[in-house]
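Visitor: I'd like to ask you about the structure that follows.
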Amino acid sequence: CAYALMLLVVDEAHLLDLSVVRSAQNRGCGRALLDHLCERARAAGATQMFLEVRPSNTAALALYRRAGFAEIGRRKGYYPALEGREDAIVMSLPL
C-alpha cells in the first residue's frame, strides 16, 4: 500500500520519498511506514531525520507535523510545478 526511500549518511537520515496509494490513504499506512523508517534510522545510529515536502502537499505536511517534524527552512523554486516552480519546505525530526 506504500513505499519509501531513505538515505542514511553517518548520523543523519534523509527521507527521500514516501508514497501511499490513493486507496490506502488516511488509514495509517503512511504513519506506520514513517514510524518504521524512524526506528530503522535510530537503530543505524541516526540522530536526526530530514525531508523536503511541497507546501501544496497538505496531506504529507499534516502527516509529518503529527509525527513531530518541524520546519527548519525553505528551498526556493526546488520543485517543478505546472506554473513555474514550487518551494520545498525542509523539515527535521530529532531521533
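Chain labels follow the order of the C-alpha cells: the first chain is A, the next B, and so on; residue numbering restarts at 1 in every chain, and ligands are counted from 1 in their shown order.
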Please identify which residues in chain A DSSP calls alpha helix (DSSP H) from the backbone, and express them as a PyMOL selection string.
Guide: chain A and resi 29-43+58-66
Visitor: Mind checking which residues fall within 12 Å of range 15-29 of chain A, counting only C-alpha atoms, ignoring those fewer than 3 positions away in the same chain, and posting them as a ChimeraX atom specification?
Guide: /A:1-9,12,32-38,40-41,48-54,57,59-64,66-67,69,90-93
Visitor: Please produce a file of those selected residues containing C-alpha atoms, as a compact mmCIF listing (two decimals), in the first residue's frame.
Guide:
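And here is the file that came out, again04.txt:
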```
# COMPACT_ATOMS: atom_id res chain seq x y z
CA CYS A 1 0.00 0.00 0.00
CA ALA A 2 3.05 2.29 0.33
CA TYR A 3 6.75 2.63 -0.32
CA ALA A 4 9.54 4.83 0.96
CA LEU A 5 13.16 5.60 0.20
CA MET A 6 15.55 6.72 2.93
CA LEU A 7 19.24 7.58 2.77
CA LEU A 8 21.45 7.11 5.83
CA VAL A 9 24.62 9.24 6.00
CA GLU A 12 21.62 11.60 9.58
CA ALA A 32 3.20 3.18 10.10
CA LEU A 33 5.83 3.31 7.36
CA LEU A 34 7.23 6.60 8.65
CA ASP A 35 7.45 5.20 12.19
CA HIS A 36 9.22 2.11 10.84
CA LEU A 37 11.76 4.25 8.98
CA CYS A 38 12.44 6.29 12.13
CA ARG A 40 15.40 1.75 11.40
CA ALA A 41 17.27 5.06 11.27
CA GLN A 48 18.19 13.34 13.05
CA MET A 49 15.86 12.80 10.08
CA PHE A 50 15.42 15.39 7.32
CA LEU A 51 12.98 15.72 4.42
CA GLU A 52 11.68 18.15 1.83
CA VAL A 53 7.98 18.49 1.01
CA ARG A 54 5.90 20.69 -1.28
CA ASN A 57 1.10 18.66 -0.34
CA ALA A 59 -1.68 15.65 3.47
CA ALA A 60 2.07 14.98 3.71
CA LEU A 61 2.65 18.15 5.74
CA ALA A 62 -0.04 17.07 8.20
CA LEU A 63 1.49 13.59 8.49
CA TYR A 64 4.98 14.94 9.12
CA ARG A 66 1.79 14.90 13.55
CA ALA A 67 4.94 12.76 13.65
CA PHE A 69 8.74 17.08 12.27
CA VAL A 90 12.72 21.49 4.74
CA MET A 91 11.74 19.64 7.91
CA SER A 92 13.64 17.76 10.59
CA LEU A 93 12.92 15.39 13.43
```
Visitor: Interatomic distance between CA of Ile89 in chain A and CA of Arg31 in chain A?
Guide: 19.0 Å
Visitor: Please, what distance in Å, to one decimal, runs between CA of Thr47 in chain A and CA of Lys76 in chain A?
Guide: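 A separation of 26.4 Å between them.
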Visitor: For Val10 in chain A, which residue among A:Ala44, A:Leu95, A:Gly30, A:Ala88 is the nearest when counting only C-alpha atoms?
Guide: A:Ala44
Visitor: Using Å and a single decimal, report how far CA of Arg42 in chain A sits from CA of Arg74 in chain A.
Guide: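 We find that CA of Arg74 in chain A and CA of Arg42 in chain A lie 25.2 Å from each other.
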Visitor: Would you please work out which residue, of A:Arg85, A:Tyr79, A:Thr58, A:Pro94, is nearest to Asp11 in chain A when using only C-alpha atoms?
Guide: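 Closest to Asp11 in chain A, using only C-alpha atoms: A:Pro94.
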Visitor: I need the residues of chain A that end up classed as strand (DSSP E) by DSSP on the backbone, written out as a ChimeraX atom specification.
Guide: /A:2-9,12-20,48-53,70-81,84-94
